[in-house]
>>> print(open('query_36.csv').read())   # CSV, C-alpha atoms
chain,number,residue,atom,x,y,z
A,18,MET,CA,44.5,128.0,224.0
A,19,ASN,CA,45.9,131.6,223.7
A,20,SER,CA,48.2,131.8,226.7
A,21,GLY,CA,49.4,129.6,229.6
A,22,SER,CA,50.0,125.8,229.3
A,23,MET,CA,47.9,122.7,229.8
A,24,SER,CA,49.8,120.0,231.8
A,25,LEU,CA,48.5,116.5,231.1
A,26,ASN,CA,50.2,115.2,234.3
A,27,GLY,CA,49.7,111.5,233.5
A,28,ARG,CA,46.0,112.0,232.7
A,29,ASN,CA,44.2,111.4,229.4
A,30,VAL,CA,42.6,114.3,227.5
A,31,ILE,CA,39.8,113.8,224.9
A,32,LEU,CA,39.0,116.8,222.8
A,33,ASN,CA,35.7,116.9,220.9
A,34,GLY,CA,34.6,119.5,218.4
A,35,THR,CA,37.3,122.1,217.6
A,36,ILE,CA,40.7,123.3,218.8
A,37,SER,CA,42.6,126.5,218.4
A,38,GLN,CA,46.1,126.8,219.8
A,39,ASN,CA,49.0,129.2,219.3
A,40,SER,CA,52.7,129.0,220.0
A,41,ASN,CA,52.4,130.9,223.3
A,42,SER,CA,50.2,128.2,224.8
A,43,LYS,CA,51.6,124.7,225.0
A,44,PHE,CA,50.7,121.2,226.1
A,45,ILE,CA,53.0,119.8,228.8
A,46,GLY,CA,53.0,116.1,227.8
A,47,HIS,CA,53.6,113.0,229.9
A,48,THR,CA,54.8,109.5,229.0
A,49,ASN,CA,51.6,108.1,230.6
A,50,SER,CA,49.1,110.5,229.0
A,51,GLU,CA,46.9,110.1,226.0
A,52,LEU,CA,45.6,112.9,223.8
A,53,HIS,CA,42.6,112.0,221.6
A,54,LEU,CA,41.7,114.5,218.9
A,55,ASN,CA,38.1,114.0,217.9
A,56,LEU,CA,37.8,117.2,215.9
A,57,SER,CA,35.2,118.4,213.5
A,58,SER,CA,37.3,121.4,212.5
A,59,VAL,CA,40.5,123.3,213.5
A,60,SER,CA,40.7,127.1,213.5
A,61,ASN,CA,44.5,127.0,214.2
A,62,ASP,CA,45.8,123.7,213.1
A,63,THR,CA,49.1,123.4,214.8
A,64,LEU,CA,49.8,121.5,218.1
A,65,PHE,CA,52.6,122.8,220.3
A,66,PHE,CA,54.3,120.9,223.1
A,67,ASP,CA,56.6,122.3,225.8
A,68,ASN,CA,60.2,121.9,224.8
A,69,THR,CA,61.9,122.3,228.1
A,70,SER,CA,62.3,118.5,228.6
A,71,THR,CA,61.8,115.3,226.7
A,72,ASN,CA,59.1,114.2,229.0
A,73,ASN,CA,57.1,117.4,228.3
A,74,GLN,CA,57.2,116.5,224.6
A,75,SER,CA,55.9,112.9,225.2
A,76,LEU,CA,52.6,111.1,225.0
A,77,SER,CA,51.7,107.5,225.6
A,78,LYS,CA,49.1,107.7,222.8
A,79,LEU,CA,48.0,110.2,220.2
A,80,LYS,CA,44.7,109.5,218.5
A,81,ILE,CA,43.9,111.3,215.2
A,82,ASN,CA,40.1,111.4,214.5
A,83,LEU,CA,39.5,114.5,212.3
A,84,THR,CA,37.2,115.2,209.4
A,85,PRO,CA,38.6,113.1,206.5
A,86,THR,CA,40.3,116.0,204.6
A,87,THR,CA,41.7,117.8,207.7
A,88,THR,CA,45.4,117.8,208.7
A,89,ILE,CA,46.7,118.6,212.2
A,90,VAL,CA,50.2,120.1,212.1
A,91,LEU,CA,52.9,119.2,214.6
A,92,GLY,CA,54.7,122.4,215.6
A,93,SER,CA,57.2,120.9,218.0
A,94,LYS,CA,58.9,117.6,218.5
A,95,LEU,CA,56.8,114.7,219.9
A,96,ASN,CA,57.7,111.3,221.3
A,97,ILE,CA,55.1,108.6,221.2
A,98,HIS,CA,55.7,105.8,223.8
A,99,ASN,CA,52.8,103.5,223.1
A,100,GLU,CA,50.7,104.2,220.0
A,101,LEU,CA,49.9,106.7,217.2
A,102,THR,CA,46.4,105.8,216.0
A,103,PHE,CA,44.8,107.1,212.8
A,104,VAL,CA,41.1,107.0,212.5
A,105,LYS,CA,40.6,109.9,210.1
A,106,GLY,CA,42.9,112.8,209.0
A,107,LYS,CA,46.6,113.4,208.6
A,108,VAL,CA,49.5,114.6,210.8
A,109,GLU,CA,51.9,117.1,209.1
A,110,LEU,CA,55.5,117.7,210.3
A,111,VAL,CA,57.1,121.0,209.9
A,112,ASN,CA,60.7,121.4,211.2
A,113,ASP,CA,60.5,119.0,214.2
A,114,ASP,CA,60.5,115.2,214.3
A,115,LEU,CA,57.9,112.7,215.2
A,116,VAL,CA,59.5,109.9,217.2
A,117,ILE,CA,57.9,106.5,217.6
A,118,MET,CA,59.8,105.0,220.5
A,119,PRO,CA,61.0,101.3,220.2
A,120,ALA,CA,58.1,99.8,222.1
A,121,ALA,CA,55.5,102.0,220.3
A,122,SER,CA,53.6,101.5,217.0
A,123,ILE,CA,51.5,103.3,214.4
A,124,THR,CA,48.1,101.9,213.5
A,125,GLY,CA,45.2,102.8,211.2
A,126,TYR,CA,47.2,104.5,208.5
A,127,ASP,CA,46.4,104.0,204.8
A,128,ASP,CA,46.7,106.0,201.5
A,129,SER,CA,44.3,108.6,202.9
A,130,TYR,CA,45.6,109.0,206.5
A,131,TYR,CA,49.3,109.2,207.0
A,132,ILE,CA,52.2,111.5,208.1
A,133,VAL,CA,52.9,114.4,205.8
A,134,THR,CA,56.4,115.7,205.1
A,135,SER,CA,57.8,118.1,202.5
A,136,GLN,CA,60.8,119.6,200.8
A,137,ASN,CA,60.3,122.9,202.5
A,138,ASN,CA,60.5,121.5,206.0
A,139,SER,CA,63.0,119.3,207.8
A,140,GLY,CA,60.7,117.3,210.1
A,141,ALA,CA,61.0,113.5,209.7
A,142,LEU,CA,59.4,110.4,211.1
A,143,ILE,CA,61.8,108.5,213.3
A,144,MET,CA,61.3,104.8,214.1
A,145,ASN,CA,63.4,102.0,215.5
A,146,VAL,CA,64.6,99.2,213.2
A,147,ASN,CA,65.9,96.1,214.9
A,148,ALA,CA,68.7,94.1,213.1
A,149,GLY,CA,67.4,90.9,211.7
A,150,SER,CA,63.7,91.9,212.0
A,151,ALA,CA,60.9,92.2,209.5
A,152,TYR,CA,60.4,95.4,207.5
A,153,VAL,CA,59.3,98.4,209.5
A,154,THR,CA,56.8,100.6,207.6
A,155,PHE,CA,57.2,104.4,207.7
A,156,PRO,CA,53.8,105.7,206.6
A,157,VAL,CA,54.8,109.0,205.2
A,158,GLY,CA,53.8,111.0,202.1
A,159,THR,CA,53.4,114.5,200.9
A,160,SER,CA,50.3,116.7,200.8
A,161,ASN,CA,49.7,115.3,197.3
A,162,ASN,CA,49.6,111.6,198.2
A,163,TYR,CA,50.9,108.6,200.2
A,164,SER,CA,54.5,107.5,199.6
A,165,PRO,CA,55.6,105.0,202.3
A,166,ALA,CA,59.1,103.6,202.9
A,167,HIS,CA,59.8,100.2,204.4
A,168,ILE,CA,63.2,99.4,206.0
A,169,GLN,CA,64.8,96.2,207.1
A,170,GLN,CA,68.2,95.8,208.7
A,171,ALA,CA,70.3,92.7,208.1
A,172,SER,CA,71.1,90.6,211.2
A,173,SER,CA,74.8,91.6,210.9
A,174,ALA,CA,73.9,95.3,211.0
A,175,THR,CA,73.1,97.6,214.0
A,176,SER,CA,69.7,98.2,215.6
A,177,GLY,CA,68.6,101.7,216.0
A,178,ASN,CA,66.6,104.7,214.8
A,179,PHE,CA,66.1,105.6,211.2
A,180,ASN,CA,64.4,108.8,210.0
A,181,VAL,CA,62.4,109.2,206.8
A,182,ARG,CA,60.7,112.0,205.0
A,183,ALA,CA,59.4,112.3,201.4
A,184,MET,CA,59.2,115.3,199.2
A,185,ASN,CA,57.6,116.2,195.8
A,186,THR,CA,60.0,116.5,192.8
A,187,VAL,CA,63.2,114.7,191.8
A,188,LEU,CA,66.1,117.1,191.6
A,189,SER,CA,69.3,116.6,189.5
A,190,GLY,CA,71.5,117.2,192.5
A,191,GLY,CA,69.5,115.1,195.0
A,192,THR,CA,68.7,118.1,197.2
A,193,SER,CA,69.1,120.9,194.7
A,194,GLY,CA,69.4,121.5,191.0
A,195,PHE,CA,67.2,121.0,188.0
A,196,VAL,CA,63.7,119.6,188.5
A,197,ASN,CA,64.1,116.3,186.7
A,198,SER,CA,60.5,115.3,187.4
A,199,ASN,CA,59.2,118.2,185.2
A,200,THR,CA,60.3,116.3,182.1
A,201,LEU,CA,61.6,112.8,182.9
A,202,LYS,CA,59.7,109.5,183.4
A,203,VAL,CA,59.8,109.1,187.2
A,204,VAL,CA,57.8,108.8,190.3
A,205,ASN,CA,57.4,112.5,191.4
A,206,ARG,CA,58.9,111.8,194.8
A,207,THR,CA,62.3,111.8,196.6
A,208,TRP,CA,62.7,109.8,199.8
A,209,PHE,CA,65.3,110.9,202.3
A,210,VAL,CA,66.4,108.1,204.6
A,211,ASN,CA,69.0,108.6,207.3
A,212,SER,CA,70.3,106.9,210.4
A,213,THR,CA,73.0,107.3,213.0
A,214,VAL,CA,73.5,103.6,213.6
A,215,SER,CA,77.1,102.4,213.4
A,216,THR,CA,76.5,99.7,210.8
A,217,ILE,CA,74.0,100.0,208.0
A,218,ASN,CA,73.0,97.0,205.8
A,219,ALA,CA,69.5,97.9,204.8
A,220,ASN,CA,66.9,96.5,202.5
A,221,LEU,CA,64.6,99.3,201.4
A,222,LYS,CA,61.2,99.3,199.7
A,223,PHE,CA,59.6,102.5,198.4
A,224,GLY,CA,55.8,102.8,197.7
A,225,TRP,CA,53.7,105.2,195.7
A,226,VAL,CA,50.2,105.6,194.3
A,227,ALA,CA,49.5,105.9,190.6
A,228,ALA,CA,48.9,109.6,190.8
A,229,ALA,CA,52.6,110.2,191.6
A,230,GLU,CA,53.7,108.8,188.3
A,231,VAL,CA,54.6,111.5,185.8
A,232,ASN,CA,55.5,111.9,182.1
A,233,GLY,CA,54.3,108.5,181.1
A,234,PHE,CA,56.4,106.6,183.7
A,235,ASN,CA,56.4,102.8,183.1
A,236,ARG,CA,56.4,101.0,186.5
A,237,ASN,CA,57.2,97.7,184.8
A,238,ASN,CA,60.7,99.0,183.6
A,239,ALA,CA,62.0,101.0,186.5
A,240,TYR,CA,64.5,100.9,189.4
A,241,VAL,CA,65.3,102.7,192.7
A,242,SER,CA,68.1,105.2,192.2
A,243,HIS,CA,70.4,106.4,195.0
A,244,PHE,CA,72.1,109.8,194.9
A,245,THR,CA,75.7,109.4,196.1
A,246,SER,CA,78.3,112.2,196.3
A,247,SER,CA,77.5,113.9,192.9
A,248,ALA,CA,75.2,111.7,190.8
A,249,TRP,CA,72.2,109.4,190.8
A,250,ASP,CA,73.3,105.8,190.2
A,251,VAL,CA,71.8,103.3,187.7
A,252,VAL,CA,71.0,99.7,188.6
A,253,SER,CA,69.2,96.8,186.9
A,254,ALA,CA,65.5,97.5,186.2
A,255,GLY,CA,62.6,95.5,187.5
A,256,SER,CA,58.8,95.6,187.7
A,257,ALA,CA,57.0,97.2,190.5
A,258,THR,CA,54.8,95.0,192.7
A,259,VAL,CA,51.3,95.8,193.8
A,260,SER,CA,51.1,96.4,197.5
A,261,THR,CA,48.7,97.4,200.2
A,262,ASN,CA,46.8,100.7,200.4
A,263,ASN,CA,46.7,101.2,196.6
A,264,THR,CA,50.5,101.4,196.3
A,265,TYR,CA,53.2,100.0,193.9
A,266,GLU,CA,56.6,99.2,195.3
A,267,LEU,CA,60.2,98.7,194.2
A,268,SER,CA,63.1,97.5,196.4
A,269,ARG,CA,66.8,98.3,196.7
A,270,MET,CA,68.7,95.7,198.7
A,271,GLY,CA,71.9,95.7,200.8
A,272,MET,CA,72.3,99.5,201.1
A,273,THR,CA,75.3,100.5,203.2
A,274,SER,CA,74.7,104.3,202.6
A,275,LEU,CA,71.6,106.3,202.6
A,276,SER,CA,69.6,109.4,201.4
A,277,PRO,CA,68.2,110.4,198.9
A,278,PHE,CA,66.3,107.8,196.8
A,279,ALA,CA,64.1,108.1,193.7
A,280,VAL,CA,62.2,105.7,191.5
A,281,VAL,CA,63.1,106.1,187.8
A,282,GLU,CA,62.2,104.5,184.5
A,283,THR,CA,65.2,102.8,182.7
A,284,GLY,CA,66.9,105.1,180.3
A,285,GLU,CA,66.0,108.4,181.9
A,286,PRO,CA,69.1,110.7,182.4
A,287,LEU,CA,68.9,111.5,186.1
A,288,LYS,CA,72.7,112.1,186.0
A,289,VAL,CA,72.3,115.4,184.2
A,290,LYS,CA,74.8,118.0,185.0
A,291,GLU,CA,73.9,121.6,185.6
A,292,GLN,CA,75.8,123.9,183.2
A,293,SER,CA,77.4,126.9,185.0
A,294,ILE,CA,78.1,130.2,183.3
A,295,SER,CA,81.9,129.5,183.7
A,296,ASP,CA,81.7,126.6,181.1
A,297,ASN,CA,81.9,127.2,177.3
A,298,PHE,CA,78.2,128.2,177.1
A,299,GLU,CA,76.6,130.5,174.6
A,300,VAL,CA,73.1,131.9,174.3
A,301,TYR,CA,72.3,134.0,171.3
A,302,PRO,CA,71.0,136.4,170.1
A,303,ASN,CA,70.9,138.6,173.2
A,304,PRO,CA,68.4,140.2,173.6
A,305,SER,CA,66.1,137.7,172.0
A,306,LYS,CA,62.5,137.6,170.7
A,307,ASP,CA,60.6,134.4,170.0
A,308,VAL,CA,63.7,132.1,169.5
A,309,VAL,CA,67.0,131.7,171.4
A,310,ASN,CA,69.9,129.5,170.4
A,311,VAL,CA,72.0,127.5,172.9
A,312,LYS,CA,75.6,126.3,172.1
A,313,LEU,CA,78.0,124.2,174.1
A,314,SER,CA,81.6,124.3,172.7
A,315,ASN,CA,82.5,120.8,173.9
A,316,PRO,CA,79.4,118.9,175.1
A,317,SER,CA,80.4,115.7,176.8
A,318,ASP,CA,77.1,114.7,178.3
A,319,ASP,CA,73.4,115.3,178.1
A,320,TYR,CA,72.2,118.6,179.6
A,321,ASN,CA,68.8,119.7,180.8
A,322,TYR,CA,67.7,123.2,180.4
A,323,GLU,CA,64.8,125.1,182.0
A,324,LEU,CA,63.7,128.4,180.5
A,325,PRO,CA,61.6,130.5,183.0
A,326,ALA,CA,59.1,133.1,182.0
A,327,ILE,CA,59.2,136.6,183.6
A,328,THR,CA,56.4,135.5,185.9
A,329,GLY,CA,58.6,132.8,187.4
A,330,SER,CA,56.7,129.9,185.7
A,331,THR,CA,58.6,127.5,183.4
A,332,SER,CA,58.0,128.2,179.8
A,333,SER,CA,60.2,125.5,178.2
A,334,THR,CA,62.2,122.5,179.3
A,335,SER,CA,64.1,120.0,177.3
A,336,ILE,CA,67.4,118.1,176.8
A,337,ILE,CA,70.6,119.1,174.9
A,338,SER,CA,72.2,115.9,173.7
A,339,ASN,CA,75.9,115.3,173.5
A,340,SER,CA,75.6,114.7,169.8
A,341,SER,CA,74.2,118.1,168.8
A,342,ASN,CA,73.6,121.5,170.3
A,343,LYS,CA,70.2,122.9,170.8
A,344,SER,CA,68.9,125.7,168.6
A,345,GLY,CA,65.7,127.4,168.0
A,346,ILE,CA,64.3,127.2,171.5
A,347,LYS,CA,61.0,129.1,171.5
A,348,ILE,CA,60.5,131.8,174.2
>>> encode(input="query_36.csv", output="structure tokens")
Amino acid sequence: MNSGSMSLNGRNVILNGTISQNSNSKFIGHTNSELHLNLSSVSNDTLFFDNTSTNNQSLSKLKINLTPTTTIVLGSKLNIHNELTFVKGKVELVNDDLVIMPAASITGYDDSYYIVTSQNNSGALIMNVNAGSAYVTFPVGTSNNYSPAHIQQASSATSGNFNVRAMNTVLSGGTSGFVNSNTLKVVNRTWFVNSTVSTINANLKFGWVAAAEVNGFNRNNAYVSHFTSSAWDVVSAGSATVSTNNTYELSRMGMTSLSPFAVVETGEPLKVKEQSISDNFEVYPNPSKDVVNVKLSNPSDDYNYELPAITGSTSSTSIISNSSNKSGIKI
């Protein structure tokens, strides 16, 4: 598909073999149409839907049946009115959302086949969560591995849409700052959960596979941390439970505010401040060779530092404690 559009017009389309589509050629969707992707390969792996109306960005059913390691990218918003079915393969979101309408569902997902999100893009999975209902599973993850979220609204809360995406890394400022997951014992994942409902009283469960655990993380002594205003909070630790699709899970109950969340081992200093040049901060000698000294005149907290190499890679990371300054950092 190089130019022009394909209107589904209430019909079903089954594609076998390969597909190549560019942004100049779009599908015109329909709430009564199904698109089945039975693909052995993709030469241009992005699906584009016409954005002139909500109906044009809609399908009754999308079936994903690719080769096991293949991912189909969604290059525009898409509304699913009946079912998103995974047989094989993944769906990756870029900067547009995938909306599962209230009467629709997602089937066939597992730790190999799921919806991919990332820190570089804003696309999220949107699903309806009814107040007083069972947990709703958001089968998301990153290109690395599966990291689902499960959301339940209390009966006293408001029904409505929640959107979820996951990204690699845990940052000191929630959405920015020092990469805590380079050195700290955490699950290498941040979950962003948001909603526009008027009353939020949500129980949340976050899942991950063992491969996402970094720096010797102990899943039996951990908690779900929530970033609020300027810091990651600390709550009582628990032990992760074994769940479906080779995941481990921890819960955070009764949340009235959302986004971002991370899973942290007890005692890890996620509340690290980033030191700005305006603070009483010394690095000497300058220029330096082999060793550099760091001095804070009045340290009142623990500080993480990251020393980049000229190539842009990280050559050294560690913590300056509030009881002593750091000296002798090798460069």
>>> atom_distance(input="query_36.csv", atom1="atom CA of A:Gly149", atom2="atom CA of A:Thr213")
17.4 Å
>>> closest_atom_pairs(input="query_36.csv", of="stretch 160-218 of chain A", to="stretch 248-265 of chain A", cutoff="9 Å", atoms="only C-alpha atoms", output="JSON lines")
{"residue": "A:Tyr163", "atom": "CA", "partner": "A:Thr264", "partner_atom": "CA", "distance": 8.2}
{"residue": "A:Ser164", "atom": "CA", "partner": "A:Thr264", "partner_atom": "CA", "distance": 8.0}
{"residue": "A:Pro165", "atom": "CA", "partner": "A:Thr264", "partner_atom": "CA", "distance": 8.7}
{"residue": "A:Ser189", "atom": "CA", "partner": "A:Ala248", "partner_atom": "CA", "distance": 7.8}
{"residue": "A:Gly190", "atom": "CA", "partner": "A:Ala248", "partner_atom": "CA", "distance": 6.8}
{"residue": "A:Gly191", "atom": "CA", "partner": "A:Trp249", "partner_atom": "CA", "distance": 7.6}
>>> closest_residue(input="query_36.csv", among="A:Lys107, A:Lys94, A:Lys80, A:Arg206", to="A:Val231", atoms="only C-alpha atoms")
A:Arg206
>>> residues_around(input="query_36.csv", residues="A:Phe223", least_positions_apart="3", cutoff="6 Å", atoms="all atoms listed in the file", output="list in words")
Ala166, Glu266 and Leu267 of chain A
>>> atom_distance(input="query_36.csv", atom1="atom CA of A:Ser129", atom2="atom CA of A:Gln38")
24.9 Å
>>> closest_residue(input="query_36.csv", among="A:Thr86, A:Gln136, A:Asn162, A:Ser37", to="A:Thr186", atoms="all atoms listed in the file")
A:Gln136
>>> atom_distance(input="query_36.csv", atom1="atom CA of A:Asp62", atom2="atom CA of A:Asp113")
15.5 Å
>>> residues_around(input="query_36.csv", residues="A:Ser150", least_positions_apart="2", cutoff="12 Å", atoms="all atoms listed in the file", output="PyMOL selection string")
chain A and resi 145-148+152-154+167-177+219-220
>>> closest_atom_pairs(input="query_36.csv", of="stretch 146-189 of chain A", to="stretch 275-283 of chain A", cutoff="10 Å", atoms="all atoms listed in the file", output="tab-separated table")
residue	atom	partner	partner_atom	distance
A:Val181	CA	A:Ser276	CA	9.0
A:Arg182	CA	A:Pro277	CA	9.8
A:Ala183	CA	A:Pro277	CA	9.3
A:Thr186	CA	A:Ala279	CA	9.4
A:Val187	CA	A:Ala279	CA	6.9
A:Leu188	CA	A:Ala279	CA	9.5
>>> write_last_selection(input="query_36.csv", atoms="C-alpha atoms", output="mmCIF file, keeping the file's coordinate frame")
data_model
loop_
_atom_site.group_PDB
_atom_site.id
_atom_site.type_symbol
_atom_site.label_atom_id
_atom_site.label_comp_id
_atom_site.auth_asym_id
_atom_site.auth_seq_id
_atom_site.Cartn_x
_atom_site.Cartn_y
_atom_site.Cartn_z
ATOM 1 C CA VAL A 181 62.400 109.200 206.800
ATOM 2 C CA ARG A 182 60.700 112.000 205.000
ATOM 3 C CA ALA A 183 59.400 112.300 201.400
ATOM 4 C CA THR A 186 60.000 116.500 192.800
ATOM 5 C CA VAL A 187 63.200 114.700 191.800
ATOM 6 C CA LEU A 188 66.100 117.100 191.600
#
>>> closest_residue(input="query_36.csv", among="A:Ala227, A:Leu91, A:Leu101, A:Met23", to="A:Glu51", atoms="all atoms listed in the file")
A:Leu101
>>> decode(input="query_36.csv", residues="stretch 231-240 of chain A", atoms="all heavy atoms", output="PDB file, in the first residue's frame")
ATOM      1  N   VAL A 231      16.876  -6.352  38.457  1.00  0.00           N
ATOM      2  CA  VAL A 231      18.265  -5.940  38.257  1.00  0.00           C
ATOM      3  C   VAL A 231      18.976  -5.701  39.587  1.00  0.00           C
ATOM      4  O   VAL A 231      18.349  -5.433  40.614  1.00  0.00           O
ATOM      5  CB  VAL A 231      18.354  -4.657  37.390  1.00  0.00           C
ATOM      6  CG1 VAL A 231      17.844  -4.923  35.980  1.00  0.00           C
ATOM      7  CG2 VAL A 231      17.580  -3.505  38.026  1.00  0.00           C
ATOM      8  N   ASN A 232      20.300  -5.823  39.536  1.00  0.00           N
ATOM      9  CA  ASN A 232      21.188  -5.500  40.652  1.00  0.00           C
ATOM     10  C   ASN A 232      20.909  -6.322  41.910  1.00  0.00           C
ATOM     11  O   ASN A 232      21.030  -5.834  43.040  1.00  0.00           O
ATOM     12  CB  ASN A 232      21.116  -3.999  40.978  1.00  0.00           C
ATOM     13  CG  ASN A 232      21.413  -3.128  39.775  1.00  0.00           C
ATOM     14  OD1 ASN A 232      22.386  -3.366  39.058  1.00  0.00           O
ATOM     15  ND2 ASN A 232      20.562  -2.154  39.519  1.00  0.00           N
ATOM     16  N   GLY A 233      20.511  -7.584  41.718  1.00  0.00           N
ATOM     17  CA  GLY A 233      20.273  -8.463  42.851  1.00  0.00           C
ATOM     18  C   GLY A 233      18.973  -8.209  43.577  1.00  0.00           C
ATOM     19  O   GLY A 233      18.837  -8.538  44.770  1.00  0.00           O
ATOM     20  N   PHE A 234      17.985  -7.637  42.905  1.00  0.00           N
ATOM     21  CA  PHE A 234      16.675  -7.340  43.500  1.00  0.00           C
ATOM     22  C   PHE A 234      16.086  -8.570  44.181  1.00  0.00           C
ATOM     23  O   PHE A 234      16.080  -9.669  43.624  1.00  0.00           O
ATOM     24  CB  PHE A 234      15.739  -6.850  42.394  1.00  0.00           C
ATOM     25  CG  PHE A 234      14.295  -6.739  42.799  1.00  0.00           C
ATOM     26  CD1 PHE A 234      13.848  -5.652  43.519  1.00  0.00           C
ATOM     27  CD2 PHE A 234      13.379  -7.724  42.439  1.00  0.00           C
ATOM     28  CE1 PHE A 234      12.505  -5.544  43.883  1.00  0.00           C
ATOM     29  CE2 PHE A 234      12.050  -7.633  42.787  1.00  0.00           C
ATOM     30  CZ  PHE A 234      11.615  -6.536  43.517  1.00  0.00           C
ATOM     31  N   ASN A 235      15.579  -8.365  45.404  1.00  0.00           N
ATOM     32  CA  ASN A 235      14.956  -9.426  46.197  1.00  0.00           C
ATOM     33  C   ASN A 235      13.444  -9.252  46.170  1.00  0.00           C
ATOM     34  O   ASN A 235      12.905  -8.370  46.837  1.00  0.00           O
ATOM     35  CB  ASN A 235      15.477  -9.397  47.631  1.00  0.00           C
ATOM     36  CG  ASN A 235      14.867 -10.493  48.499  1.00  0.00           C
ATOM     37  OD1 ASN A 235      14.103 -11.334  48.026  1.00  0.00           O
ATOM     38  ND2 ASN A 235      15.194 -10.472  49.781  1.00  0.00           N
ATOM     39  N   ARG A 236      12.758 -10.075  45.413  1.00  0.00           N
ATOM     40  CA  ARG A 236      11.304  -9.934  45.269  1.00  0.00           C
ATOM     41  C   ARG A 236      10.537 -10.281  46.541  1.00  0.00           C
ATOM     42  O   ARG A 236       9.325 -10.037  46.631  1.00  0.00           O
ATOM     43  CB  ARG A 236      10.815 -10.788  44.097  1.00  0.00           C
ATOM     44  CG  ARG A 236      10.889 -12.277  44.309  1.00  0.00           C
ATOM     45  CD  ARG A 236      10.309 -13.026  43.117  1.00  0.00           C
ATOM     46  NE  ARG A 236      11.204 -13.008  41.986  1.00  0.00           N
ATOM     47  CZ  ARG A 236      11.954 -14.031  41.608  1.00  0.00           C
ATOM     48  NH1 ARG A 236      11.934 -15.165  42.318  1.00  0.00           N
ATOM     49  NH2 ARG A 236      12.726 -13.958  40.556  1.00  0.00           N
ATOM     50  N   ASN A 237      11.207 -10.871  47.528  1.00  0.00           N
ATOM     51  CA  ASN A 237      10.550 -11.227  48.784  1.00  0.00           C
ATOM     52  C   ASN A 237      10.664 -10.141  49.849  1.00  0.00           C
ATOM     53  O   ASN A 237      10.234 -10.329  50.994  1.00  0.00           O
ATOM     54  CB  ASN A 237      11.136 -12.538  49.323  1.00  0.00           C
ATOM     55  CG  ASN A 237      10.872 -13.706  48.392  1.00  0.00           C
ATOM     56  OD1 ASN A 237       9.762 -13.873  47.902  1.00  0.00           O
ATOM     57  ND2 ASN A 237      11.900 -14.500  48.132  1.00  0.00           N
ATOM     58  N   ASN A 238      11.251  -9.004  49.479  1.00  0.00           N
ATOM     59  CA  ASN A 238      11.385  -7.884  50.407  1.00  0.00           C
ATOM     60  C   ASN A 238      11.268  -6.585  49.615  1.00  0.00           C
ATOM     61  O   ASN A 238      12.221  -5.825  49.490  1.00  0.00           O
ATOM     62  CB  ASN A 238      12.732  -7.953  51.138  1.00  0.00           C
ATOM     63  CG  ASN A 238      12.880  -6.875  52.200  1.00  0.00           C
ATOM     64  OD1 ASN A 238      11.891  -6.435  52.796  1.00  0.00           O
ATOM     65  ND2 ASN A 238      14.105  -6.442  52.438  1.00  0.00           N
ATOM     66  N   ALA A 239      10.095  -6.356  49.057  1.00  0.00           N
ATOM     67  CA  ALA A 239       9.931  -5.246  48.118  1.00  0.00           C
ATOM     68  C   ALA A 239       8.553  -4.608  48.273  1.00  0.00           C
ATOM     69  O   ALA A 239       7.678  -5.130  48.966  1.00  0.00           O
ATOM     70  CB  ALA A 239      10.139  -5.740  46.686  1.00  0.00           C
ATOM     71  N   TYR A 240       8.361  -3.485  47.605  1.00  0.00           N
ATOM     72  CA  TYR A 240       7.089  -2.765  47.674  1.00  0.00           C
ATOM     73  C   TYR A 240       6.891  -1.981  46.381  1.00  0.00           C
ATOM     74  O   TYR A 240       7.826  -1.776  45.601  1.00  0.00           O
ATOM     75  CB  TYR A 240       7.050  -1.830  48.880  1.00  0.00           C
ATOM     76  CG  TYR A 240       8.083  -0.721  48.844  1.00  0.00           C
ATOM     77  CD1 TYR A 240       7.764   0.545  48.364  1.00  0.00           C
ATOM     78  CD2 TYR A 240       9.385  -0.944  49.300  1.00  0.00           C
ATOM     79  CE1 TYR A 240       8.703   1.556  48.335  1.00  0.00           C
ATOM     80  CE2 TYR A 240      10.337   0.062  49.269  1.00  0.00           C
ATOM     81  CZ  TYR A 240       9.991   1.316  48.782  1.00  0.00           C
ATOM     82  OH  TYR A 240      10.935   2.321  48.738  1.00  0.00           O
TER      83      TYR A 240
END
